[in-house]
Amino acid sequence: MMPSESKKQSKTPTDNSNVGVFSSDEDLAAVCKRLRRDIVTMIGKAGSGHPGGSLSAVEIVVTLYWKVLHHKPADPAWPDRDRFILSKGHAAPVIYAALAECGYFPKSELDTLRKIDSHLQGHADRTSTPGVEMSSGSLGQGLSFAVGAALAGRLDSQSWHVYALLSDGECDEGQTWEAAMSAAMFKVDNLTAIVDKNSIQLSGFTKDIMKLDPLNKKFESFGWHVIEIDGHDLKQVLDAIERARTVKGRPTVIIAHTVKGKGVSFMENNVDFHGKAPNPEQLEQALKELA
Amino acid sequence: MAEEIAPREVYGKMLVELGRENPDIVVLDADLFPSTMTRYFKDAFPERFLEVGIAEQNMVGIACGLAANGKIPFASTFAVFGTSRCFDQIRVSVAQAKLNVKIVVTHSGLTVGEDGASHQALEDLALICSLPGFTVIVPADAVETAQAIRAVATHKGPCYVRLVRGKLPVILDDSYRFEIGKAYTLRKGKDATIIAIGTMVAPALEAASMLSGEGIDCRVLNMSTLKPIDEEAIVKAAQETGAIVTAEEHQEHGGLASTVSRVTAKHHPVPMVFVAVKDKFGMSGKPAELLEKYGLTAKDIAAAVKETLKRKV
């Protein structure tokens, strides 16, 4: 038999090292605030990057990494881990902050974001960063990858689950809908997509660039189970993800209504901060607000 | 007359053989399984066959998700749809991510025939060869196709295999051993070297026989691995024969001509002539008529050899 990429291992249900180095009792709101500080700081130091869509996804990412994902920071390729696919690759800073907090790599590395030879590339890159499942940055590709991962898990009768985080803007891409159709066709119920619906894309509000709404009806008509939540309400996020796991026979999408730039007053709902770093004064102001 | 076999037929059957040996082989197709011949695998292992519909971008993405999780996906469609239609997915999701995805395309080149320009991939090799880390293979016949498919299944990393629609004469015998990255000398010679790929290998041999009647002694190399190219064989041919003709069913830009001349330019420049499509799209017609119209016959190769000889010092 030819070698395959990952050796299959038997499931070890007693192994519950899924919450990384953090106690699950920690106040997640405090974790979220810390991640937001990490995000604006690393982007500020890099001098470029995408704060808006990183800040909007903080509660989703923290809920996943702290409460949901079965993962081992010391063993990023652990075969039984749940797969988290970041399709909106420009939001890499939110993942880098979470991975560093969980112990995948030292927090000091966050200062190297976007610098030459760094493990932390401008957009998520699976060959550079431990814990990153997929190379993204060209939008619309993550849901297809997630469908493939879910199918691989199902073929091997694995119980791990696949989560894919999409932006609303990338739903402009036709491939997102090719993937959505196939996920329903293949009945991949071990896949949960989460759309960070912050309603802003690079050059304006999504409603003005390309009308997505009704996004829920679109997914429904593609055969998905749809849950809509406030993406900044930690309880709603966790509850939606848990409910998604109980849906059988079809994939679930959680449409998380969020605020672009959430947590920093002058970035909130501001198109400019989709892809612009704060200058030193703005960074200072942001950190004051996030203290 | 050599026996003629369609390489895609061999591909389809080889997939079944590999699928039997290795449960991690998964096959994807985009509504073309009756033509790409992945239908054999579909019938043998329906649970490991994924019909994605006419959605090549999604097909490549799903293949990546499978590859990242231990599967060995073979994604198949026609050459035009398997490259230019989903090039960004191949670039970012496959190549940049260094995933173990196998893209095997059929119906490449002019010999697609009557379907015409939209279906005749003449730039696919340029696109795929431009991506770091890709292994690119263009088998010359059925024997080589079988071995190349087996080789890419075990090779770790992104691979592209280019097949054609029609039948090809069998020119290699069972003693042939395909190796990724190794050119194969089909005919020894000292006056000039013809380096050919795919459908042009048989005409290259025919041209060499024609020329031998005129006292011109041609070496013929089957350069089935276009990337990584066998630089040693090219440099040796340049040094020992002093003239090179390349022959491919592809644009002159970005395929065999470009790759070989990059090697000679760096290491040992010699007079070269390129038998290839010259910056034109294809058109409808019978395969043989098209090859003649676009200057891709044994006669054209022989004329190209004579031209290089005139320039040889």
# chains A, B, ... in the order shown; residues from 1 in each chain; ligands from 1
>>> interface_residues(of="chain B", to="chain A", cutoff="8 Å", atoms="only C-alpha atoms", output="tab-separated table (two decimals) with N, CA and C atoms, in the first residue's frame")
chain	number	residue	atom	x	y	z
B	21	GLU	N	-5.50	-0.99	-5.05
B	21	GLU	CA	-4.31	-1.11	-4.20
B	21	GLU	C	-4.33	-0.14	-3.03
B	22	ASN	N	-4.94	1.01	-3.25
B	22	ASN	CA	-4.83	2.07	-2.24
B	22	ASN	C	-6.20	2.71	-1.97
B	24	ASP	N	-6.94	5.20	-0.37
B	24	ASP	CA	-6.92	6.66	-0.29
B	24	ASP	C	-7.08	7.35	-1.64
B	48	ARG	N	-15.94	6.37	-3.71
B	48	ARG	CA	-14.73	7.20	-3.78
B	48	ARG	C	-14.68	8.01	-5.07
B	52	VAL	N	-18.77	16.40	-9.47
B	52	VAL	CA	-19.01	17.74	-8.93
B	52	VAL	C	-19.86	18.61	-9.84
B	55	ALA	N	-18.26	22.36	-12.62
B	55	ALA	CA	-17.77	23.31	-11.63
B	55	ALA	C	-16.31	22.98	-11.30
B	57	GLN	N	-13.72	24.86	-10.62
B	57	GLN	CA	-13.08	25.57	-9.50
B	57	GLN	C	-13.37	24.82	-8.20
B	58	ASN	N	-14.61	24.42	-8.05
B	58	ASN	CA	-15.00	23.67	-6.85
B	58	ASN	C	-14.33	22.30	-6.83
B	59	MET	N	-14.20	21.70	-8.01
B	59	MET	CA	-13.56	20.39	-8.08
B	59	MET	C	-12.12	20.47	-7.55
B	60	VAL	N	-11.41	21.50	-7.97
B	60	VAL	CA	-10.02	21.64	-7.51
B	60	VAL	C	-9.99	21.92	-6.00
B	61	GLY	N	-10.89	22.76	-5.53
B	61	GLY	CA	-10.93	23.06	-4.10
B	61	GLY	C	-11.25	21.84	-3.25
B	62	ILE	N	-12.22	21.06	-3.70
B	62	ILE	CA	-12.57	19.83	-2.96
B	62	ILE	C	-11.37	18.89	-2.96
B	63	ALA	N	-10.69	18.79	-4.10
B	63	ALA	CA	-9.50	17.93	-4.18
B	63	ALA	C	-8.47	18.37	-3.14
B	64	CYS	N	-8.34	19.66	-2.94
B	64	CYS	CA	-7.37	20.17	-1.96
B	64	CYS	C	-7.76	19.77	-0.54
B	65	GLY	N	-9.02	19.90	-0.22
B	65	GLY	CA	-9.48	19.50	1.11
B	65	GLY	C	-9.27	18.02	1.36
B	66	LEU	N	-9.45	17.22	0.31
B	66	LEU	CA	-9.21	15.78	0.42
B	66	LEU	C	-7.71	15.51	0.60
B	67	ALA	N	-6.89	16.18	-0.21
B	67	ALA	CA	-5.44	15.94	-0.16
B	67	ALA	C	-4.85	16.35	1.19
B	68	ALA	N	-5.36	17.44	1.74
B	68	ALA	CA	-4.85	17.91	3.03
B	68	ALA	C	-5.21	16.96	4.16
B	69	ASN	N	-6.12	16.05	3.87
B	69	ASN	CA	-6.56	15.11	4.90
B	69	ASN	C	-6.28	13.66	4.51
B	70	GLY	N	-5.17	13.48	3.82
B	70	GLY	CA	-4.66	12.13	3.60
B	70	GLY	C	-5.12	11.41	2.36
B	71	LYS	N	-6.01	12.02	1.57
B	71	LYS	CA	-6.47	11.35	0.35
B	71	LYS	C	-5.54	11.69	-0.81
B	72	ILE	N	-5.59	10.87	-1.85
B	72	ILE	CA	-4.83	11.16	-3.07
B	72	ILE	C	-5.86	11.40	-4.18
B	88	ASP	N	-6.63	29.98	-10.86
B	88	ASP	CA	-6.34	30.59	-9.56
B	88	ASP	C	-6.48	29.56	-8.43
B	89	GLN	N	-7.45	28.67	-8.57
B	89	GLN	CA	-7.61	27.61	-7.57
B	89	GLN	C	-6.38	26.70	-7.57
B	92	VAL	N	-3.38	28.95	-5.96
B	92	VAL	CA	-3.37	29.22	-4.52
B	92	VAL	C	-3.67	27.96	-3.69
B	93	SER	N	-4.76	27.29	-4.03
B	93	SER	CA	-5.19	26.17	-3.19
B	93	SER	C	-4.30	24.94	-3.35
B	96	GLN	N	0.53	26.78	-4.17
B	96	GLN	CA	1.07	27.54	-3.04
B	96	GLN	C	0.98	26.72	-1.75
B	97	ALA	N	-0.10	25.95	-1.64
B	97	ALA	CA	-0.31	25.14	-0.44
B	97	ALA	C	0.46	23.82	-0.50
B	98	LYS	N	1.11	23.54	-1.62
B	98	LYS	CA	1.91	22.31	-1.80
B	98	LYS	C	1.10	21.06	-1.51
B	154	THR	N	2.15	7.86	-6.57
B	154	THR	CA	3.08	7.68	-5.45
B	154	THR	C	3.93	8.92	-5.18
>>> residues_around(residues="Val16 in chain B", least_positions_apart="6", cutoff="10 Å", atoms="only C-alpha atoms", output="short mmCIF file (atom, residue, chain, number, x, y, z; two decimals) with C-alpha atoms, in the first residue's frame")
data_model
loop_
_atom_site.label_atom_id
_atom_site.label_comp_id
_atom_site.auth_asym_id
_atom_site.auth_seq_id
_atom_site.Cartn_x
_atom_site.Cartn_y
_atom_site.Cartn_z
CA ASN B 22 -4.83 2.07 -2.24
CA ILE B 25 -7.27 7.19 -4.04
CA VAL B 27 -11.42 10.48 -8.20
CA THR B 38 -12.93 8.05 -15.01
CA ARG B 39 -16.17 6.11 -15.53
CA TYR B 40 -14.31 2.88 -14.85
CA PHE B 41 -13.38 4.12 -11.40
CA LYS B 42 -16.91 5.44 -10.87
CA ASP B 43 -18.29 1.96 -11.54
CA ALA B 44 -15.65 0.17 -9.45
CA PHE B 45 -15.58 2.49 -6.43
#
>>> atom_distance(atom1="CA of Val195 in chain A", atom2="CA of Leu166 in chain A")
4.7 Å
>>> select_by_dssp(residues="range 56-249 of chain A", states="strand (DSSP E)", output="JSON, numbers by chain")
{"A": [83, 84, 85, 86, 162, 163, 164, 165, 166, 167, 191, 192, 193, 194, 195, 196, 197, 200, 201, 204, 205, 225, 226, 227, 228, 229, 230]}
>>> select_by_dssp(residues="range 28-152 of chain B", states="helix (DSSP H, G or I)", output="PDB file with N, CA and C atoms, in the first residue's frame")
ATOM      1  N   PHE B  33     -17.135  12.262 -17.099  1.00  0.00           N
ATOM      2  CA  PHE B  33     -16.586  10.921 -16.858  1.00  0.00           C
ATOM      3  C   PHE B  33     -16.702   9.960 -18.058  1.00  0.00           C
ATOM      4  N   PRO B  34     -17.712  10.124 -18.935  1.00  0.00           N
ATOM      5  CA  PRO B  34     -17.723   9.203 -20.084  1.00  0.00           C
ATOM      6  C   PRO B  34     -16.570   9.501 -21.053  1.00  0.00           C
ATOM      7  N   SER B  35     -16.036  10.724 -21.015  1.00  0.00           N
ATOM      8  CA  SER B  35     -14.983  11.116 -21.958  1.00  0.00           C
ATOM      9  C   SER B  35     -13.582  11.010 -21.363  1.00  0.00           C
ATOM     10  N   THR B  36     -13.452  11.369 -20.070  1.00  0.00           N
ATOM     11  CA  THR B  36     -12.126  11.285 -19.449  1.00  0.00           C
ATOM     12  C   THR B  36     -11.795   9.844 -19.068  1.00  0.00           C
ATOM     13  N   ARG B  39     -14.967   6.934 -15.738  1.00  0.00           N
ATOM     14  CA  ARG B  39     -16.167   6.111 -15.526  1.00  0.00           C
ATOM     15  C   ARG B  39     -15.838   4.716 -15.004  1.00  0.00           C
ATOM     16  N   TYR B  40     -14.659   4.212 -15.358  1.00  0.00           N
ATOM     17  CA  TYR B  40     -14.306   2.882 -14.853  1.00  0.00           C
ATOM     18  C   TYR B  40     -14.168   2.914 -13.338  1.00  0.00           C
ATOM     19  N   PHE B  41     -13.554   3.981 -12.850  1.00  0.00           N
ATOM     20  CA  PHE B  41     -13.383   4.121 -11.402  1.00  0.00           C
ATOM     21  C   PHE B  41     -14.746   4.346 -10.731  1.00  0.00           C
ATOM     22  N   LYS B  42     -15.561   5.157 -11.381  1.00  0.00           N
ATOM     23  CA  LYS B  42     -16.913   5.435 -10.867  1.00  0.00           C
ATOM     24  C   LYS B  42     -17.688   4.137 -10.664  1.00  0.00           C
ATOM     25  N   ASP B  43     -17.559   3.231 -11.642  1.00  0.00           N
ATOM     26  CA  ASP B  43     -18.287   1.962 -11.541  1.00  0.00           C
ATOM     27  C   ASP B  43     -17.672   1.054 -10.477  1.00  0.00           C
ATOM     28  N   ALA B  44     -16.337   1.086 -10.376  1.00  0.00           N
ATOM     29  CA  ALA B  44     -15.655   0.168  -9.452  1.00  0.00           C
ATOM     30  C   ALA B  44     -15.738   0.645  -8.001  1.00  0.00           C
ATOM     31  N   PRO B  46     -17.798   3.504  -6.421  1.00  0.00           N
ATOM     32  CA  PRO B  46     -18.711   4.672  -6.422  1.00  0.00           C
ATOM     33  C   PRO B  46     -18.567   5.553  -5.181  1.00  0.00           C
ATOM     34  N   GLU B  47     -18.207   4.965  -4.046  1.00  0.00           N
ATOM     35  CA  GLU B  47     -18.110   5.749  -2.811  1.00  0.00           C
ATOM     36  C   GLU B  47     -16.877   6.651  -2.816  1.00  0.00           C
ATOM     37  N   ARG B  48     -15.942   6.372  -3.710  1.00  0.00           N
ATOM     38  CA  ARG B  48     -14.732   7.201  -3.780  1.00  0.00           C
ATOM     39  C   ARG B  48     -14.685   8.013  -5.073  1.00  0.00           C
ATOM     40  N   GLU B  56     -15.443  23.359 -12.218  1.00  0.00           N
ATOM     41  CA  GLU B  56     -14.036  22.950 -12.094  1.00  0.00           C
ATOM     42  C   GLU B  56     -13.331  23.630 -10.926  1.00  0.00           C
ATOM     43  N   GLN B  57     -13.717  24.862 -10.618  1.00  0.00           N
ATOM     44  CA  GLN B  57     -13.081  25.566  -9.497  1.00  0.00           C
ATOM     45  C   GLN B  57     -13.373  24.821  -8.202  1.00  0.00           C
ATOM     46  N   ASN B  58     -14.612  24.424  -8.046  1.00  0.00           N
ATOM     47  CA  ASN B  58     -15.003  23.675  -6.850  1.00  0.00           C
ATOM     48  C   ASN B  58     -14.330  22.305  -6.834  1.00  0.00           C
ATOM     49  N   MET B  59     -14.203  21.702  -8.013  1.00  0.00           N
ATOM     50  CA  MET B  59     -13.555  20.387  -8.085  1.00  0.00           C
ATOM     51  C   MET B  59     -12.125  20.467  -7.546  1.00  0.00           C
ATOM     52  N   VAL B  60     -11.405  21.497  -7.967  1.00  0.00           N
ATOM     53  CA  VAL B  60     -10.020  21.643  -7.510  1.00  0.00           C
ATOM     54  C   VAL B  60      -9.989  21.922  -6.003  1.00  0.00           C
ATOM     55  N   GLY B  61     -10.887  22.757  -5.526  1.00  0.00           N
ATOM     56  CA  GLY B  61     -10.933  23.065  -4.099  1.00  0.00           C
ATOM     57  C   GLY B  61     -11.249  21.843  -3.254  1.00  0.00           C
ATOM     58  N   ILE B  62     -12.220  21.057  -3.697  1.00  0.00           N
ATOM     59  CA  ILE B  62     -12.568  19.831  -2.958  1.00  0.00           C
ATOM     60  C   ILE B  62     -11.370  18.886  -2.959  1.00  0.00           C
ATOM     61  N   ALA B  63     -10.690  18.794  -4.097  1.00  0.00           N
ATOM     62  CA  ALA B  63      -9.500  17.931  -4.178  1.00  0.00           C
ATOM     63  C   ALA B  63      -8.465  18.368  -3.140  1.00  0.00           C
ATOM     64  N   CYS B  64      -8.339  19.664  -2.940  1.00  0.00           N
ATOM     65  CA  CYS B  64      -7.371  20.173  -1.958  1.00  0.00           C
ATOM     66  C   CYS B  64      -7.755  19.768  -0.541  1.00  0.00           C
ATOM     67  N   GLY B  65      -9.021  19.895  -0.216  1.00  0.00           N
ATOM     68  CA  GLY B  65      -9.484  19.503   1.115  1.00  0.00           C
ATOM     69  C   GLY B  65      -9.271  18.018   1.358  1.00  0.00           C
ATOM     70  N   LEU B  66      -9.450  17.223   0.311  1.00  0.00           N
ATOM     71  CA  LEU B  66      -9.207  15.779   0.418  1.00  0.00           C
ATOM     72  C   LEU B  66      -7.714  15.506   0.604  1.00  0.00           C
ATOM     73  N   ALA B  67      -6.891  16.182  -0.209  1.00  0.00           N
ATOM     74  CA  ALA B  67      -5.440  15.945  -0.156  1.00  0.00           C
ATOM     75  C   ALA B  67      -4.854  16.351   1.189  1.00  0.00           C
ATOM     76  N   ALA B  79      -8.512  19.412 -20.899  1.00  0.00           N
ATOM     77  CA  ALA B  79      -7.363  20.268 -20.578  1.00  0.00           C
ATOM     78  C   ALA B  79      -7.746  21.744 -20.443  1.00  0.00           C
ATOM     79  N   VAL B  80      -8.626  22.227 -21.296  1.00  0.00           N
ATOM     80  CA  VAL B  80      -9.007  23.651 -21.193  1.00  0.00           C
ATOM     81  C   VAL B  80      -9.686  23.953 -19.858  1.00  0.00           C
ATOM     82  N   PHE B  81     -10.564  23.046 -19.437  1.00  0.00           N
ATOM     83  CA  PHE B  81     -11.337  23.305 -18.211  1.00  0.00           C
ATOM     84  C   PHE B  81     -10.527  22.993 -16.952  1.00  0.00           C
ATOM     85  N   GLY B  82      -9.552  22.135 -17.099  1.00  0.00           N
ATOM     86  CA  GLY B  82      -8.750  21.740 -15.941  1.00  0.00           C
ATOM     87  C   GLY B  82      -7.574  22.655 -15.665  1.00  0.00           C
ATOM     88  N   SER B  84      -7.074  26.604 -17.425  1.00  0.00           N
ATOM     89  CA  SER B  84      -7.406  28.034 -17.459  1.00  0.00           C
ATOM     90  C   SER B  84      -8.701  28.337 -16.713  1.00  0.00           C
ATOM     91  N   ARG B  85      -9.650  27.412 -16.732  1.00  0.00           N
ATOM     92  CA  ARG B  85     -10.934  27.657 -16.055  1.00  0.00           C
ATOM     93  C   ARG B  85     -10.766  27.765 -14.541  1.00  0.00           C
ATOM     94  N   CYS B  86      -9.775  27.111 -13.988  1.00  0.00           N
ATOM     95  CA  CYS B  86      -9.629  27.073 -12.526  1.00  0.00           C
ATOM     96  C   CYS B  86      -8.179  27.366 -12.142  1.00  0.00           C
ATOM     97  N   PHE B  87      -7.556  28.244 -12.898  1.00  0.00           N
ATOM     98  CA  PHE B  87      -6.115  28.462 -12.678  1.00  0.00           C
ATOM     99  C   PHE B  87      -5.820  29.057 -11.308  1.00  0.00           C
ATOM    100  N   ASP B  88      -6.625  29.982 -10.863  1.00  0.00           N
ATOM    101  CA  ASP B  88      -6.335  30.585  -9.555  1.00  0.00           C
ATOM    102  C   ASP B  88      -6.484  29.560  -8.428  1.00  0.00           C
ATOM    103  N   GLN B  89      -7.455  28.665  -8.573  1.00  0.00           N
ATOM    104  CA  GLN B  89      -7.613  27.612  -7.567  1.00  0.00           C
ATOM    105  C   GLN B  89      -6.384  26.699  -7.572  1.00  0.00           C
ATOM    106  N   ILE B  90      -5.870  26.403  -8.768  1.00  0.00           N
ATOM    107  CA  ILE B  90      -4.672  25.563  -8.846  1.00  0.00           C
ATOM    108  C   ILE B  90      -3.471  26.320  -8.275  1.00  0.00           C
ATOM    109  N   ARG B  91      -3.436  27.608  -8.544  1.00  0.00           N
ATOM    110  CA  ARG B  91      -2.294  28.413  -8.080  1.00  0.00           C
ATOM    111  C   ARG B  91      -2.265  28.522  -6.544  1.00  0.00           C
ATOM    112  N   VAL B  92      -3.380  28.946  -5.961  1.00  0.00           N
ATOM    113  CA  VAL B  92      -3.374  29.218  -4.516  1.00  0.00           C
ATOM    114  C   VAL B  92      -3.668  27.964  -3.688  1.00  0.00           C
ATOM    115  N   SER B  93      -4.762  27.293  -4.034  1.00  0.00           N
ATOM    116  CA  SER B  93      -5.191  26.171  -3.187  1.00  0.00           C
ATOM    117  C   SER B  93      -4.296  24.944  -3.353  1.00  0.00           C
ATOM    118  N   VAL B  94      -3.789  24.730  -4.574  1.00  0.00           N
ATOM    119  CA  VAL B  94      -2.957  23.531  -4.798  1.00  0.00           C
ATOM    120  C   VAL B  94      -1.469  23.855  -4.676  1.00  0.00           C
ATOM    121  N   ALA B  95      -0.974  24.723  -5.569  1.00  0.00           N
ATOM    122  CA  ALA B  95       0.481  24.889  -5.692  1.00  0.00           C
ATOM    123  C   ALA B  95       1.086  25.624  -4.498  1.00  0.00           C
ATOM    124  N   GLN B  96       0.526  26.778  -4.166  1.00  0.00           N
ATOM    125  CA  GLN B  96       1.072  27.537  -3.039  1.00  0.00           C
ATOM    126  C   GLN B  96       0.978  26.720  -1.751  1.00  0.00           C
ATOM    127  N   LEU B 110      -4.730  20.496 -30.443  1.00  0.00           N
ATOM    128  CA  LEU B 110      -5.556  20.643 -31.643  1.00  0.00           C
ATOM    129  C   LEU B 110      -6.343  19.384 -31.961  1.00  0.00           C
ATOM    130  N   THR B 111      -5.780  18.217 -31.574  1.00  0.00           N
ATOM    131  CA  THR B 111      -6.390  16.948 -31.993  1.00  0.00           C
ATOM    132  C   THR B 111      -7.738  16.672 -31.326  1.00  0.00           C
ATOM    133  N   VAL B 112      -8.226  17.621 -30.505  1.00  0.00           N
ATOM    134  CA  VAL B 112      -9.620  17.559 -30.064  1.00  0.00           C
ATOM    135  C   VAL B 112     -10.491  17.552 -31.320  1.00  0.00           C
ATOM    136  N   ALA B 117     -11.716  25.792 -31.398  1.00  0.00           N
ATOM    137  CA  ALA B 117     -10.765  26.561 -30.582  1.00  0.00           C
ATOM    138  C   ALA B 117     -11.071  26.592 -29.085  1.00  0.00           C
ATOM    139  N   SER B 118     -12.342  26.741 -28.717  1.00  0.00           N
ATOM    140  CA  SER B 118     -12.661  26.866 -27.283  1.00  0.00           C
ATOM    141  C   SER B 118     -12.244  25.618 -26.522  1.00  0.00           C
ATOM    142  N   HIS B 119     -12.196  24.486 -27.215  1.00  0.00           N
ATOM    143  CA  HIS B 119     -11.906  23.208 -26.569  1.00  0.00           C
ATOM    144  C   HIS B 119     -10.469  22.725 -26.793  1.00  0.00           C
ATOM    145  N   ASP B 124      -2.100  25.301 -21.920  1.00  0.00           N
ATOM    146  CA  ASP B 124      -2.191  24.689 -20.584  1.00  0.00           C
ATOM    147  C   ASP B 124      -0.816  24.413 -19.982  1.00  0.00           C
ATOM    148  N   LEU B 125       0.133  23.996 -20.816  1.00  0.00           N
ATOM    149  CA  LEU B 125       1.460  23.690 -20.273  1.00  0.00           C
ATOM    150  C   LEU B 125       2.156  24.966 -19.795  1.00  0.00           C
ATOM    151  N   ALA B 126       1.948  26.056 -20.539  1.00  0.00           N
ATOM    152  CA  ALA B 126       2.536  27.339 -20.125  1.00  0.00           C
ATOM    153  C   ALA B 126       2.004  27.735 -18.755  1.00  0.00           C
ATOM    154  N   LEU B 127       0.694  27.582 -18.584  1.00  0.00           N
ATOM    155  CA  LEU B 127       0.080  27.955 -17.303  1.00  0.00           C
ATOM    156  C   LEU B 127       0.611  27.084 -16.171  1.00  0.00           C
ATOM    157  N   ILE B 128       0.539  25.788 -16.343  1.00  0.00           N
ATOM    158  CA  ILE B 128       0.896  24.884 -15.245  1.00  0.00           C
ATOM    159  C   ILE B 128       2.394  24.924 -14.944  1.00  0.00           C
ATOM    160  N   CYS B 129       3.215  25.000 -16.004  1.00  0.00           N
ATOM    161  CA  CYS B 129       4.668  25.027 -15.765  1.00  0.00           C
ATOM    162  C   CYS B 129       5.092  26.300 -15.029  1.00  0.00           C
ATOM    163  N   ALA B 142       0.329   4.807 -24.814  1.00  0.00           N
ATOM    164  CA  ALA B 142      -0.424   4.086 -23.789  1.00  0.00           C
ATOM    165  C   ALA B 142       0.498   3.490 -22.728  1.00  0.00           C
ATOM    166  N   VAL B 143       1.626   2.946 -23.159  1.00  0.00           N
ATOM    167  CA  VAL B 143       2.555   2.316 -22.220  1.00  0.00           C
ATOM    168  C   VAL B 143       3.052   3.348 -21.209  1.00  0.00           C
ATOM    169  N   GLU B 144       3.426   4.504 -21.726  1.00  0.00           N
ATOM    170  CA  GLU B 144       3.948   5.539 -20.837  1.00  0.00           C
ATOM    171  C   GLU B 144       2.840   6.121 -19.949  1.00  0.00           C
ATOM    172  N   THR B 145       1.636   6.217 -20.491  1.00  0.00           N
ATOM    173  CA  THR B 145       0.521   6.742 -19.708  1.00  0.00           C
ATOM    174  C   THR B 145       0.296   5.882 -18.466  1.00  0.00           C
ATOM    175  N   ALA B 146       0.264   4.586 -18.655  1.00  0.00           N
ATOM    176  CA  ALA B 146       0.021   3.680 -17.525  1.00  0.00           C
ATOM    177  C   ALA B 146       1.078   3.883 -16.447  1.00  0.00           C
ATOM    178  N   GLN B 147       2.314   3.958 -16.872  1.00  0.00           N
ATOM    179  CA  GLN B 147       3.396   4.093 -15.889  1.00  0.00           C
ATOM    180  C   GLN B 147       3.410   5.480 -15.247  1.00  0.00           C
ATOM    181  N   ALA B 148       3.103   6.493 -16.041  1.00  0.00           N
ATOM    182  CA  ALA B 148       3.103   7.862 -15.504  1.00  0.00           C
ATOM    183  C   ALA B 148       2.005   8.041 -14.457  1.00  0.00           C
ATOM    184  N   ILE B 149       0.851   7.445 -14.708  1.00  0.00           N
ATOM    185  CA  ILE B 149      -0.256   7.564 -13.747  1.00  0.00           C
ATOM    186  C   ILE B 149       0.123   6.883 -12.428  1.00  0.00           C
ATOM    187  N   ARG B 150       0.742   5.737 -12.546  1.00  0.00           N
ATOM    188  CA  ARG B 150       1.212   5.051 -11.331  1.00  0.00           C
ATOM    189  C   ARG B 150       2.262   5.904 -10.611  1.00  0.00           C
ATOM    190  N   ALA B 151       3.140   6.522 -11.386  1.00  0.00           N
ATOM    191  CA  ALA B 151       4.211   7.327 -10.781  1.00  0.00           C
ATOM    192  C   ALA B 151       3.650   8.549 -10.049  1.00  0.00           C
ATOM    193  N   VAL B 152       2.669   9.218 -10.630  1.00  0.00           N
ATOM    194  CA  VAL B 152       2.150  10.415  -9.958  1.00  0.00           C
ATOM    195  C   VAL B 152       1.343  10.046  -8.713  1.00  0.00           C
TER     196      VAL B 152
END
>>> residues_around(residues="range 98-108 of chain A", least_positions_apart="2", cutoff="9 Å", atoms="only C-alpha atoms", output="list in words")
Val19, Gly20, Val21, Phe22, Val31, Leu35, Val58, Val61, Val62, Tyr65, Trp66, Lys72, Pro73, Ala74, Asp75, Pro76, Pro93, Val94, Ile95, Tyr96, Leu110, Asp111, Thr112, Thr129, Pro130, Gly131 and Val132 of chain A
>>> atom_distance(atom1="CA of His90 in chain A", atom2="CA of His257 in chain A")
18.6 Å
>>> closest_residue(among="B:Asp115, B:Thr241, B:Ala298, B:Ile229", to="Ser209 in chain B", atoms="only C-alpha atoms")
B:Ala298
>>> atom_distance(atom1="CA of Ser258 in chain B", atom2="CA of Met210 in chain B")
26.2 Å
>>> residues_around(residues="Asp191 in chain B", least_positions_apart="6", cutoff="7 Å", atoms="only C-alpha atoms", output="tab-separated table (two decimals) with N, CA and C atoms, in the first residue's frame")
chain	number	residue	atom	x	y	z
B	216	ILE	N	20.96	12.01	-42.87
B	216	ILE	CA	21.00	12.84	-41.66
B	216	ILE	C	20.64	11.96	-40.46
B	217	ASP	N	21.51	11.97	-39.49
B	217	ASP	CA	21.41	11.04	-38.36
B	217	ASP	C	20.87	11.78	-37.13
B	218	CYS	N	19.56	11.59	-36.84
B	218	CYS	CA	18.91	12.35	-35.76
B	218	CYS	C	18.76	11.56	-34.48
B	241	THR	N	25.17	16.88	-30.50
B	241	THR	CA	24.59	16.95	-31.85
B	241	THR	C	24.59	18.38	-32.41
>>> residues_around(residues="Thr297 in chain B", least_positions_apart="3", cutoff="8 Å", atoms="only C-alpha atoms", output="ChimeraX atom specification")
/B:200,203,291-292,300-301
>>> closest_residue(among="B:Lys299, B:Ala257, B:Leu290, B:Phe178", to="Leu205 in chain B", atoms="only C-alpha atoms")
B:Lys299
>>> residues_around(residues="His268 in chain B", least_positions_apart="5", cutoff="7 Å", atoms="only C-alpha atoms", output="PyMOL selection string")
chain B and resi 235+238-239
>>> residues_around(residues="Thr199 in chain B", least_positions_apart="6", cutoff="10 Å", atoms="only C-alpha atoms", output="PyMOL selection string")
chain B and resi 108-109+111+138-141+163-164+166-169+247-249+296
>>> closest_residue(among="A:His232, A:Arg114, A:Lys67, A:Lys218", to="Val253 in chain A", atoms="only C-alpha atoms")
A:Lys218
>>> closest_residue(among="B:Glu231, B:Glu252, B:Asp29, B:Glu206", to="Ile171 in chain B", atoms="only C-alpha atoms")
B:Glu206
